[in-house]
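Below: run-v3.cif (mmCIF, C-alpha atoms)
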```
data_structure
#
loop_
_atom_site.label_atom_id
_atom_site.label_comp_id
_atom_site.auth_asym_id
_atom_site.auth_seq_id
_atom_site.Cartn_x
_atom_site.Cartn_y
_atom_site.Cartn_z
CA MET A 1 -17.29 21.94 5.56
CA ARG A 2 -20.02 19.49 4.60
CA VAL A 3 -19.28 15.88 3.74
CA LYS A 4 -21.59 13.47 1.95
CA LEU A 5 -20.94 9.82 1.22
CA TRP A 6 -21.98 8.90 -2.32
CA GLY A 7 -20.29 5.52 -2.53
CA THR A 8 -19.10 3.42 0.40
CA ARG A 9 -18.38 0.04 -1.17
CA GLY A 10 -14.96 -1.33 -2.01
CA SER A 11 -13.65 -3.41 -4.89
CA ILE A 12 -16.77 -3.65 -7.06
CA PRO A 13 -20.30 -2.25 -7.02
CA ALA A 14 -22.62 -4.44 -4.98
CA PRO A 15 -26.20 -3.40 -5.72
CA GLY A 16 -29.09 -5.52 -4.52
CA PRO A 17 -31.69 -5.90 -1.84
CA GLU A 18 -29.09 -7.01 0.69
CA THR A 19 -27.03 -3.80 0.38
CA ILE A 20 -29.71 -1.12 0.27
CA ARG A 21 -28.97 0.56 3.59
CA TYR A 22 -25.18 0.83 3.42
CA GLY A 23 -25.18 1.14 -0.35
CA GLY A 24 -23.66 -0.63 -3.31
CA ASN A 25 -21.79 2.18 -5.06
CA THR A 26 -18.01 2.29 -4.91
CA SER A 27 -15.89 4.98 -3.30
CA CYS A 28 -16.89 8.59 -3.65
CA VAL A 29 -17.22 11.34 -1.04
CA GLY A 30 -18.49 14.82 -1.80
CA VAL A 31 -17.05 17.72 0.18
CA THR A 32 -18.48 21.22 0.12
CA LEU A 33 -15.98 23.65 1.60
CA SER A 34 -16.94 26.62 3.72
CA ASP A 35 -16.49 28.97 0.75
CA GLY A 36 -18.73 26.80 -1.43
CA SER A 37 -15.94 25.08 -3.37
CA MET A 38 -16.77 21.51 -4.32
CA LEU A 39 -14.48 18.51 -4.05
CA ALA A 40 -15.05 14.87 -4.87
CA LEU A 41 -12.83 12.38 -3.12
CA ASP A 42 -12.45 9.49 -5.54
CA ALA A 43 -14.63 8.76 -8.54
CA GLY A 44 -16.09 5.34 -7.97
CA THR A 45 -19.60 4.65 -9.17
CA GLY A 46 -20.93 6.89 -6.39
CA ILE A 47 -19.77 9.95 -8.32
CA ARG A 48 -22.55 9.38 -10.84
CA CYS A 49 -25.17 10.41 -8.28
CA LEU A 50 -22.97 13.22 -6.99
CA GLY A 51 -22.87 14.55 -10.54
CA LEU A 52 -26.62 14.31 -10.96
CA ALA A 53 -27.01 16.41 -7.81
CA GLN A 54 -24.86 19.25 -9.19
CA PRO A 55 -26.69 22.25 -10.65
CA ASP A 56 -26.42 22.70 -14.42
CA GLU A 57 -24.45 25.93 -14.28
CA PRO A 58 -20.81 27.00 -14.74
CA THR A 59 -18.88 25.14 -12.10
CA ARG A 60 -15.33 24.32 -11.12
CA LEU A 61 -14.92 20.92 -9.49
CA HIS A 62 -11.88 19.21 -8.06
CA ILE A 63 -11.67 15.42 -8.03
CA LEU A 64 -9.02 14.08 -5.68
CA LEU A 65 -8.15 10.49 -6.51
CA THR A 66 -6.43 8.32 -3.93
CA HIS A 67 -5.34 5.83 -6.59
CA LEU A 68 -6.45 4.45 -9.91
CA HIS A 69 -7.96 1.09 -9.05
CA LEU A 70 -11.18 0.73 -10.96
CA ASP A 71 -13.45 1.04 -7.93
CA HIS A 72 -12.08 4.58 -7.49
CA ILE A 73 -12.37 5.84 -11.08
CA GLN A 74 -15.16 3.82 -12.63
CA GLY A 75 -17.73 6.60 -12.32
CA LEU A 76 -15.71 9.20 -14.24
CA VAL A 77 -17.35 8.51 -17.59
CA PHE A 78 -20.80 8.71 -16.03
CA PHE A 79 -20.18 11.99 -14.21
CA ALA A 80 -22.73 14.36 -15.71
CA PRO A 81 -20.74 17.60 -15.18
CA ALA A 82 -17.96 16.14 -17.35
CA PHE A 83 -20.36 16.38 -20.29
CA ARG A 84 -21.11 20.08 -19.81
CA PRO A 85 -18.90 22.57 -21.68
CA GLN A 86 -19.30 25.13 -18.91
CA THR A 87 -17.74 22.83 -16.30
CA GLU A 88 -14.08 22.94 -15.35
CA ILE A 89 -12.80 19.77 -13.72
CA VAL A 90 -9.38 19.38 -12.14
CA ILE A 91 -8.41 15.79 -11.46
CA TRP A 92 -5.66 15.24 -8.89
CA GLY A 93 -3.98 11.90 -8.39
CA PRO A 94 -0.77 10.11 -7.49
CA ALA A 95 2.26 10.42 -9.72
CA SER A 96 3.85 7.33 -11.17
CA PRO A 97 7.23 6.90 -12.87
CA GLU A 98 5.50 4.81 -15.49
CA ALA A 99 3.11 7.31 -17.13
CA SER A 100 1.33 10.60 -16.52
CA LEU A 101 -1.92 10.73 -14.59
CA ARG A 102 -3.80 11.65 -17.76
CA ASP A 103 -2.35 8.73 -19.70
CA ARG A 104 -3.08 6.24 -16.94
CA ILE A 105 -6.69 7.41 -16.58
CA ALA A 106 -7.04 7.40 -20.37
CA ARG A 107 -6.44 3.67 -20.35
CA TYR A 108 -9.90 3.40 -18.84
CA ILE A 109 -11.53 6.34 -20.62
CA SER A 110 -10.76 4.98 -24.10
CA ALA A 111 -11.82 2.21 -26.43
CA PRO A 112 -12.67 -0.55 -25.97
CA LEU A 113 -13.45 0.04 -22.27
CA SER A 114 -15.20 3.36 -22.74
CA PRO A 115 -17.45 4.86 -25.44
CA VAL A 116 -15.68 8.21 -25.10
CA GLU A 117 -12.07 9.32 -25.04
CA VAL A 118 -10.64 11.87 -22.63
CA ARG A 119 -10.19 14.35 -25.49
CA GLU A 120 -13.87 14.03 -26.33
CA LEU A 121 -15.13 15.11 -22.93
CA PRO A 122 -16.97 18.41 -23.44
CA CYS A 123 -15.83 19.86 -20.13
CA ASP A 124 -12.55 21.63 -19.50
CA VAL A 125 -10.62 18.86 -17.80
CA SER A 126 -7.06 18.97 -16.54
CA PHE A 127 -4.90 16.48 -14.69
CA ARG A 128 -2.45 17.29 -11.94
CA HIS A 129 -0.08 15.14 -9.98
CA THR A 130 -0.85 15.58 -6.31
CA PRO A 131 2.03 17.42 -4.65
CA GLU A 132 3.74 16.08 -1.57
CA SER A 133 3.44 19.49 0.04
CA GLU A 134 0.29 21.22 1.22
CA TRP A 135 -1.73 23.26 -1.23
CA GLU A 136 -4.94 25.24 -1.23
CA ILE A 137 -8.27 24.66 -2.90
CA GLY A 138 -10.81 27.33 -2.11
CA SER A 139 -10.96 27.84 1.63
CA ALA A 140 -9.20 24.56 2.45
CA ARG A 141 -5.65 23.45 2.98
CA ILE A 142 -5.13 20.06 1.37
CA ARG A 143 -2.44 17.62 2.35
CA SER A 144 -1.70 14.22 0.88
CA ALA A 145 0.66 11.41 1.72
CA SER A 146 1.46 8.02 0.30
CA VAL A 147 -0.13 5.24 2.32
CA SER A 148 0.21 1.50 2.52
CA HIS A 149 -1.90 -0.14 -0.21
CA ARG A 150 -1.15 -1.92 -3.47
CA GLY A 151 0.36 0.46 -6.00
CA PRO A 152 0.85 4.23 -5.68
CA THR A 153 -1.90 5.32 -3.29
CA LEU A 154 -2.59 8.51 -1.39
CA GLY A 155 -4.57 9.53 1.63
CA TYR A 156 -5.88 13.08 1.98
CA ARG A 157 -6.42 15.55 4.75
CA ILE A 158 -8.61 18.61 4.27
CA ASP A 159 -8.47 21.41 6.82
CA ASP A 160 -11.12 24.07 6.52
CA GLY A 161 -12.40 26.52 9.07
CA GLY A 162 -10.85 24.78 12.06
CA SER A 163 -12.25 21.37 11.16
CA SER A 164 -10.42 18.56 9.46
CA LEU A 165 -11.40 15.59 7.33
CA ALA A 166 -8.99 12.69 6.84
CA TYR A 167 -9.82 10.34 3.98
CA ILE A 168 -7.85 7.09 3.77
CA PRO A 169 -10.21 4.62 2.10
CA ASP A 170 -7.70 1.97 1.02
CA HIS A 171 -5.14 1.39 3.71
CA GLU A 172 -3.37 -1.45 5.42
CA PRO A 173 -1.28 0.23 8.12
CA ALA A 174 -0.95 -3.02 10.06
CA LEU A 175 0.88 -4.84 7.26
CA GLY A 176 3.96 -6.18 8.98
CA ALA A 177 3.47 -3.81 11.88
CA ASP A 178 2.05 -3.82 15.38
CA LEU A 179 -0.08 -0.68 15.51
CA ASP A 180 -0.31 -0.76 19.28
CA SER A 181 3.43 -0.60 19.89
CA LEU A 182 4.89 1.14 16.85
CA GLU A 183 6.04 4.75 17.19
CA GLU A 184 3.60 7.21 15.61
CA ASP A 185 5.98 8.44 12.94
CA TRP A 186 6.39 4.88 11.69
CA ILE A 187 2.67 4.31 11.14
CA SER A 188 1.47 4.78 7.57
CA GLY A 189 -1.00 7.66 7.24
CA PHE A 190 -0.73 8.74 10.85
CA GLU A 191 -0.10 12.43 10.28
CA LEU A 192 -3.06 12.67 7.93
CA ALA A 193 -5.38 11.34 10.61
CA ARG A 194 -3.90 13.00 13.65
CA ASP A 195 -6.68 14.66 15.68
CA ALA A 196 -8.96 14.73 12.64
CA SER A 197 -12.51 15.91 13.26
CA LEU A 198 -13.70 13.14 10.96
CA LEU A 199 -11.69 10.15 9.78
CA ILE A 200 -13.04 8.10 6.88
CA HIS A 201 -10.96 4.95 6.90
CA ASP A 202 -10.74 1.55 5.29
CA GLY A 203 -12.57 -1.12 7.26
CA GLN A 204 -13.07 -3.73 4.59
CA TYR A 205 -12.51 -6.91 6.56
CA THR A 206 -13.66 -8.31 9.84
CA ASP A 207 -10.89 -9.35 12.19
CA ALA A 208 -11.71 -12.97 11.37
CA GLU A 209 -11.45 -12.38 7.63
CA TYR A 210 -8.20 -10.44 7.70
CA PRO A 211 -5.74 -13.35 8.10
CA ASP A 212 -6.83 -14.62 4.69
CA HIS A 213 -6.29 -11.17 3.15
CA VAL A 214 -2.95 -10.02 4.54
CA GLY A 215 -1.21 -7.85 1.96
CA TRP A 216 -4.35 -7.14 -0.04
CA GLY A 217 -4.11 -3.50 1.00
CA HIS A 218 -7.06 -3.23 3.36
CA SER A 219 -7.74 -3.09 7.07
CA ALA A 220 -9.44 -5.30 9.56
CA THR A 221 -11.92 -3.58 11.85
CA GLY A 222 -9.60 -3.88 14.81
CA HIS A 223 -6.66 -2.40 12.92
CA ALA A 224 -8.73 0.52 11.65
CA LEU A 225 -9.94 1.29 15.15
CA SER A 226 -6.48 0.99 16.69
CA PHE A 227 -5.21 3.37 14.03
CA ALA A 228 -8.05 5.82 14.63
CA ARG A 229 -7.69 5.69 18.39
CA ARG A 230 -3.95 6.26 18.33
CA ALA A 231 -4.38 9.10 15.84
CA GLY A 232 -6.92 10.77 18.11
CA ALA A 233 -9.69 10.98 15.52
CA GLU A 234 -12.81 12.52 17.03
CA ARG A 235 -15.21 10.63 14.82
CA THR A 236 -14.42 7.57 12.73
CA VAL A 237 -16.36 6.21 9.79
CA LEU A 238 -15.38 2.74 8.56
CA PHE A 239 -15.53 2.75 4.78
CA HIS A 240 -14.85 0.64 1.68
CA HIS A 241 -17.15 -2.20 2.68
CA ASP A 242 -16.42 -5.61 1.28
CA PRO A 243 -18.86 -6.39 -1.56
CA LEU A 244 -19.72 -9.66 0.14
CA HIS A 245 -20.92 -7.93 3.31
CA SER A 246 -24.70 -7.56 3.49
CA ASP A 247 -26.52 -4.89 5.45
CA ASP A 248 -27.19 -7.36 8.23
CA GLN A 249 -23.55 -8.33 8.42
CA LEU A 250 -22.54 -4.69 8.47
CA ASP A 251 -25.02 -4.01 11.27
CA ALA A 252 -23.32 -6.72 13.29
CA LEU A 253 -19.90 -5.33 12.38
CA ALA A 254 -21.00 -1.85 13.48
CA ALA A 255 -22.02 -3.18 16.89
CA GLU A 256 -18.73 -5.00 17.17
CA ALA A 257 -16.82 -1.87 16.19
CA ARG A 258 -18.59 0.23 18.82
CA GLN A 259 -17.80 -2.37 21.45
CA LYS A 260 -14.15 -2.40 20.46
CA TRP A 261 -14.07 1.37 20.47
CA VAL A 262 -15.37 1.37 24.04
CA GLU A 263 -12.68 -1.15 24.98
CA LEU A 264 -10.14 1.26 23.53
CA GLY A 265 -11.55 3.97 25.79
CA GLY A 266 -13.66 5.79 23.21
CA ASP A 267 -17.23 7.00 22.96
CA PRO A 268 -19.33 4.37 21.13
CA GLU A 269 -21.23 7.13 19.34
CA ALA A 270 -18.00 8.29 17.71
CA VAL A 271 -17.65 5.21 15.51
CA GLU A 272 -19.94 4.06 12.74
CA LEU A 273 -19.98 2.28 9.41
CA ALA A 274 -20.26 4.36 6.27
CA ALA A 275 -23.74 4.48 4.78
CA GLU A 276 -24.44 5.84 1.32
CA ARG A 277 -25.94 9.36 1.43
CA ALA A 278 -24.87 9.92 5.05
CA GLU A 279 -23.89 13.53 5.64
CA TYR A 280 -21.56 15.10 8.16
CA GLU A 281 -21.36 18.73 9.10
CA LEU A 282 -17.93 19.85 10.22
CA PRO A 283 -18.61 23.32 11.55
CA ALA A 284 -16.14 26.15 11.35
CA ARG A 285 -14.94 26.09 14.93
CA ALA A 286 -12.08 24.95 17.14
CA PRO A 287 -10.36 21.79 15.85
CA SER A 288 -11.39 19.83 18.95
CA ALA A 289 -15.09 20.17 18.12
CA ALA A 290 -16.61 16.92 16.88
CA ALA A 291 -18.49 16.38 13.67
CA THR A 292 -22.22 15.87 13.74
CA ALA A 293 -23.94 13.35 11.53
CA SER A 294 -27.26 12.93 9.82
CA VAL A 295 -28.49 10.46 7.23
CA MET B 1 6.87 14.50 15.01
CA THR B 2 7.44 14.20 11.28
CA GLN B 3 5.87 11.32 9.43
CA ARG B 4 8.40 8.93 7.92
CA PRO B 5 8.15 8.41 4.16
CA LEU B 6 5.99 5.42 3.30
CA GLU B 7 8.90 3.69 1.58
CA LEU B 8 10.87 3.75 4.83
CA ILE B 9 7.86 2.50 6.77
CA LEU B 10 7.38 -0.42 4.40
CA ALA B 11 11.12 -1.17 4.40
CA ARG B 12 11.11 -1.30 8.20
CA ASN B 13 8.06 -3.55 8.20
CA LEU B 14 9.73 -5.92 5.75
CA MET B 15 13.01 -5.90 7.65
CA SER B 16 11.16 -6.69 10.87
CA ALA B 17 10.05 -9.96 9.32
CA LEU B 18 13.52 -11.03 8.10
CA SER B 19 15.93 -13.31 9.89
CA THR B 20 18.84 -11.69 8.05
CA PRO B 21 20.49 -8.75 9.84
CA ALA B 22 19.30 -5.59 8.16
CA PHE B 23 19.82 -1.87 8.78
CA LEU B 24 17.93 1.20 7.62
CA VAL B 25 19.13 4.77 7.31
CA ASP B 26 17.12 7.84 6.37
CA GLU B 27 17.90 10.29 3.60
CA GLY B 28 20.36 12.08 5.86
CA GLY B 29 22.33 8.90 6.59
CA LEU B 30 21.01 8.60 10.14
CA LEU B 31 20.53 5.03 11.33
CA VAL B 32 16.79 4.85 12.04
CA PHE B 33 16.20 1.11 12.44
CA TYR B 34 17.73 -2.32 12.54
CA ASN B 35 15.93 -5.60 12.95
CA GLU B 36 16.05 -8.31 15.62
CA ALA B 37 18.61 -10.34 13.70
CA ALA B 38 20.90 -7.33 13.58
CA GLY B 39 20.28 -6.79 17.27
CA MET B 40 21.41 -10.35 17.98
CA LEU B 41 24.56 -9.74 15.97
CA LEU B 42 25.35 -6.50 17.77
CA GLY B 43 24.22 -7.63 21.21
CA LYS B 44 21.79 -4.77 21.58
CA ARG B 45 18.23 -4.45 20.35
CA PHE B 46 17.27 -1.35 18.38
CA GLU B 47 14.66 -0.50 20.99
CA GLU B 48 17.47 -0.29 23.56
CA LEU B 49 19.73 1.81 21.37
CA GLY B 50 17.37 4.04 19.42
CA THR B 51 18.24 6.29 16.52
CA VAL B 52 21.96 7.01 16.46
CA GLY B 53 24.30 9.18 14.51
CA PRO B 54 27.67 8.32 12.98
CA GLN B 55 29.82 9.04 16.04
CA GLU B 56 27.89 6.84 18.42
CA TRP B 57 27.53 4.06 15.86
CA GLY B 58 31.26 3.98 15.26
CA SER B 59 32.19 3.95 18.92
CA LEU B 60 29.77 1.11 19.67
CA PHE B 61 30.21 -1.30 16.81
CA GLY B 62 33.05 -0.21 14.55
CA PRO B 63 33.07 -1.42 11.87
CA PHE B 64 36.66 -2.22 11.02
CA ASP B 65 38.51 -3.05 7.86
CA GLU B 66 40.79 -6.05 7.23
CA GLN B 67 43.62 -4.30 9.03
CA GLY B 68 41.45 -3.65 12.06
CA GLU B 69 41.22 0.06 11.36
CA PRO B 70 37.89 1.80 11.91
CA ILE B 71 36.05 2.40 8.64
CA PRO B 72 35.04 6.06 8.38
CA TYR B 73 31.27 6.51 8.47
CA ASP B 74 31.34 8.16 5.06
CA ASP B 75 32.88 5.00 3.58
CA LEU B 76 30.23 2.60 4.87
CA PRO B 77 28.15 0.95 2.12
CA LEU B 78 24.95 2.27 3.66
CA VAL B 79 26.16 5.83 3.62
CA GLN B 80 27.56 5.47 0.11
CA ALA B 81 24.25 4.06 -1.06
CA VAL B 82 22.20 6.89 0.37
CA ARG B 83 24.54 9.62 -0.79
CA ALA B 84 25.44 8.36 -4.23
CA GLY B 85 22.16 6.63 -4.97
CA ARG B 86 24.07 3.55 -6.01
CA PRO B 87 24.38 0.05 -4.54
CA ALA B 88 27.52 -0.66 -2.54
CA HIS B 89 29.16 -3.78 -1.17
CA ALA B 90 32.01 -4.35 1.26
CA GLU B 91 33.56 -6.81 3.66
CA MET B 92 34.07 -5.64 7.21
CA THR B 93 34.19 -6.61 10.82
CA VAL B 94 31.67 -5.43 13.38
CA ARG B 95 32.02 -5.66 17.12
CA SER B 96 29.13 -6.66 19.33
CA THR B 97 28.61 -5.20 22.79
CA ASP B 98 30.31 -8.19 24.44
CA GLY B 99 33.42 -7.61 22.35
CA THR B 100 32.87 -10.48 19.91
CA GLN B 101 33.97 -9.63 16.38
CA HIS B 102 31.93 -10.71 13.38
CA ASP B 103 33.26 -10.80 9.83
CA VAL B 104 30.48 -9.87 7.48
CA GLU B 105 29.76 -8.91 3.93
CA VAL B 106 27.48 -5.93 3.57
CA SER B 107 25.23 -5.15 0.62
CA ALA B 108 23.52 -1.79 0.62
CA PHE B 109 21.12 -0.24 -1.83
CA PRO B 110 19.32 3.07 -1.97
CA ILE B 111 15.57 3.51 -1.57
CA GLN B 112 14.66 5.55 -4.62
CA THR B 113 11.13 6.95 -4.85
CA PRO B 114 9.29 9.28 -7.23
CA HIS B 115 10.26 12.02 -4.78
CA GLY B 116 13.96 11.19 -4.72
CA SER B 117 16.13 9.13 -2.43
CA GLN B 118 14.52 8.42 0.94
CA GLY B 119 17.31 6.40 2.53
CA ALA B 120 19.03 3.07 2.15
CA ILE B 121 18.95 -0.52 3.36
CA ALA B 122 21.95 -2.67 4.24
CA VAL B 123 21.88 -6.42 4.70
CA PHE B 124 24.67 -8.28 6.49
CA TRP B 125 25.78 -11.69 5.29
CA PRO B 126 28.22 -14.05 7.00
CA SER B 127 31.65 -13.64 5.48
CA LEU B 128 32.67 -16.55 3.27
CA VAL B 129 36.32 -15.81 3.99
CA ASN B 130 36.11 -16.12 7.76
CA GLY B 131 33.78 -18.37 9.72
CA ASN B 132 32.88 -15.88 12.43
CA GLY B 133 30.20 -14.08 10.44
CA ALA B 134 26.68 -12.84 10.95
CA GLY B 135 25.28 -16.34 10.75
CA ALA B 136 27.30 -17.29 13.81
CA ALA B 137 25.77 -14.50 15.88
#
```

Please render this file's structure as structure tokens.
Amino acid sequence: MRVKLWGTRGSIPAPGPETIRYGGNTSCVGVTLSDGSMLALDAGTGIRCLGLAQPDEPTRLHILLTHLHLDHIQGLVFFAPAFRPQTEIVIWGPASPEASLRDRIARYISAPLSPVEVRELPCDVSFRHTPESEWEIGSARIRSASVSHRGPTLGYRIDDGGSSLAYIPDHEPALGADLDSLEEDWISGFELARDASLLIHDGQYTDAEYPDHVGWGHSATGHALSFARRAGAERTVLFHHDPLHSDDQLDALAAEARQKWVELGGDPEAVELAAERAEYELPARAPSAAATASV
Amino acid sequence: MTQRPLELILARNLMSALSTPAFLVDEGGLLVFYNEAAGMLLGKRFEELGTVGPQEWGSLFGPFDEQGEPIPYDDLPLVQAVRAGRPAHAEMTVRSTDGTQHDVEVSAFPIQTPHGSQGAIAVFWPSLVNGNGAGAA
């Protein structure tokens, strides 16, 4: 399984000279499974570049949406494969009692917000409510679970060839809870992240910023690391950077995160901040084997 | 260990922050949490008691009806709420570990999710009829 970060920013795109290294695109992670199947986790503005990197040939793509906040779907109408008749796209996302997944996404992909309507997309696109049970895509077993955020929101776990990726980009597990003392089964998202080879997790706020953002649906660095440590994640990537955080601030946050990880008894090399275009190879091997990274 | 449904997790987190006695059961009617205020009423913290089934709950705390008869577990508002998927309300007496009796009113409502009922919450209020209610705990 190969993982590539195409968008690491939260809330709103943040392009500019101060965000070049960590990136300004919003949430999108590309996953190539061991059998060659292609997944995109979320469709923030990062999916535009993921789409441009896809070969112009008949393809089946799965897009797994955690939720429908704009920073996770904004790139859909700029996803080049969606404009190719030979492409089949399956979009998975959380169910809602209010309207179907297609209808909720169509509120964005329709006038006046979009120049095209869903029905006008040349590709073969279908929408599926993410099941609560496990299911298979290609060589992977996919699992999802509702997690603590604002509105119906999912986290995902992808197991493929003995390696596992947990993706929980918008998550506030510490809301009203003490992550250090709570039983594991009472921690939001815990089973998704348990012993994951690679955990991509919300780390939007610094510990100092968090008290002013309680209930906004995101994690402080310390909470994200406590969650990751308790879950036994082998490698943790803090994701969904606040749009106000510059590269220099994120460098400082990365150093702080590594220090905290050491204090929690971990290897400082096993924690990092998500950088756009970073790639991770999760080899087909025993689940305890760690992911290796390259940028 | 099975992950609890998010709705139960959030309910527990909310209840932990309340000063009103509150109880949480899972979809099977098993008592899986009560908060500190409820612990003060009962004389035993949840962390001391842990998850309990109907038999143990009844032997420890009652509850009792106006005639002092034990209320069957199946008739408790919490259990009715989780089984019928409807809110339920009742007056009853609970007994704390030191033998003190508390007259309370209980309001219970189910936790309905897109995936069905996941459990129920009950909140205890001091009885307006008798002065020895939850607020006196």

For chain A, which residues have at least one atom within 6 Å of chain B, if we go by all atoms listed in the file? Write them as a VMD selection string, please.
chain A and resid 176 to 177 185 to 186

What separation in Å, quoted to one decimal, exists between atom CA of B:Ala22 and atom CA of A:Ala220?
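One can read the atom CA of B:Ala22 to atom CA of A:Ala220 distance as 28.8 Å.
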
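The interatomic distance for the pair atom CA of B:Thr100 and atom CA of B:Ala88 works out to 25.1 Å.
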
Specify as an MDAnalysis selection string each residue included when the PyMOL selection byres ((chain A and resi 81) around 8) is applied to this file.
chainID A and resid 51:52 54 56 79:80 82:84 87 123

Residues proximal to (17.1, -6.3, 13.1) were defined as those with any atom within 7 Å of that point in the file's coordinates, counting all atoms listed in the file. Which are they, as JSON, numbers by chain?
{"B": [15, 16, 21, 22, 23, 34, 35, 36, 37, 38, 39]}
